[in-house]
Amino acid sequence: DGTREDLIEHAERSEVSPSKLVNRYVKEGLRMDNHPAIMFKTTPLGRRAAILASRPGLQVIDIIGTWQAERQDVAATARYVHTSEDDVRAVLRYYADYKDEIDQDLKAHLEAQENYKRVLGRREARTRRRVASA
């Protein structure tokens with residue numbers, strides 16, 4: 001029915017083997033069956049879990065990071081990220097099942113943000129020096 005051909009074409013475009021792609025789909029599909037509010041999306045740092053319902057671009061790590069910063073207050077987290085408390089609770093259920101993985105993704109995300117801030121700071125300093133010497 002063309003599924004095999006579609007898989008092979010998609011694998012080639014994604015630069016991954018068809019078997020790895022099938023494994024990813026099975027893993028993500030099982031997780032989405034167990035956590036219907038969760039979907040997966042490709043980010044610059046790889047595949048990440050995200051909210052399916054109200055804010056499809058909002059990643060699980062965004063909500064967990066905010067929840068931790070808000071002292072694990074569901075209502076405050078929902079207000080901050082502009083989503084429902086039900087979405088936050090759905091993410092927390094997902095987090096309970098995959099805590100180590102999400103903590104690792106959150107750490108990598110925060111490290112990438114810090115690196116970006118350092119690079120930006122260096123560029124701004126160079127620009128100030130150029131302006132000052134001109």
# chains A, B, ... in the order shown; residues from 1 in each chain; ligands from 1
call {"tool": "select_by_dssp", "arguments": {"residues": "chain A", "states": "strand (DSSP E or B)", "output": "list in words"}}
result
Ile38, Met39, Phe40, Lys41, Thr42, Thr43, Gly46, Arg47, Arg48, Ala49, Ala50, Ile51 and Gln59 of chain A
call {"tool": "select_by_dssp", "arguments": {"residues": "chain A", "states": "helix (DSSP H, G or I)", "output": "ChimeraX atom specification"}}
result
/A:3-14,18-34,60-69,74-81,85-97,99-133
call {"tool": "residues_around", "arguments": {"residues": "segment 76-82 of chain A", "least_positions_apart": "2", "cutoff": "12 Å", "atoms": "only C-alpha atoms", "output": "PyMOL selection string"}}
result
chain A and resi 51+54-55+57-74+84-92
call {"tool": "residues_around", "arguments": {"residues": "segment 33-36 of chain A", "least_positions_apart": "5", "cutoff": "12 Å", "atoms": "only C-alpha atoms", "output": "ChimeraX atom specification"}}
result
/A:25-28,49-53,87,89-98
call {"tool": "closest_residue", "arguments": {"among": "A:Ser19, A:Arg122, A:Leu30, A:Arg48", "to": "Glu101 of chain A", "atoms": "only C-alpha atoms"}}
result
A:Arg48
call {"tool": "closest_residue", "arguments": {"among": "A:Lys107, A:Gln113, A:Pro56, A:Val22", "to": "Met39 of chain A", "atoms": "only C-alpha atoms"}}
result
A:Pro56
call {"tool": "residues_around", "arguments": {"residues": "His109 of chain A", "least_positions_apart": "5", "cutoff": "9 Å", "atoms": "only C-alpha atoms", "output": "compact mmCIF listing (two decimals) with all heavy atoms, in the first residue's frame"}}
result
# COMPACT_ATOMS: atom_id res chain seq x y z
N LEU A 45 17.62 20.47 19.05
CA LEU A 45 18.32 19.55 19.95
C LEU A 45 17.77 18.13 19.87
O LEU A 45 18.04 17.32 20.74
CB LEU A 45 18.24 20.07 21.38
CG LEU A 45 18.96 21.40 21.63
CD1 LEU A 45 18.72 21.89 23.05
CD2 LEU A 45 20.45 21.27 21.35
N ILE A 61 9.62 20.19 28.47
CA ILE A 61 10.68 20.77 29.30
C ILE A 61 10.38 22.21 29.66
O ILE A 61 10.79 22.67 30.73
CB ILE A 61 12.07 20.65 28.64
CG1 ILE A 61 12.11 21.33 27.28
CG2 ILE A 61 12.52 19.21 28.57
CD1 ILE A 61 13.49 21.43 26.66
N GLN A 104 17.26 15.29 31.88
CA GLN A 104 18.44 15.37 31.01
C GLN A 104 18.19 16.34 29.85
O GLN A 104 19.05 17.17 29.53
CB GLN A 104 18.78 13.98 30.48
CG GLN A 104 20.03 13.93 29.64
CD GLN A 104 20.33 12.50 29.17
OE1 GLN A 104 19.55 11.57 29.35
NE2 GLN A 104 21.47 12.33 28.55
N GLU A 114 22.35 29.05 28.02
CA GLU A 114 23.49 29.75 28.63
C GLU A 114 24.59 30.00 27.61
O GLU A 114 25.18 31.08 27.57
CB GLU A 114 24.03 28.96 29.82
CG GLU A 114 23.17 29.06 31.06
CD GLU A 114 22.93 30.49 31.52
OE1 GLU A 114 23.90 31.28 31.60
OE2 GLU A 114 21.76 30.84 31.78
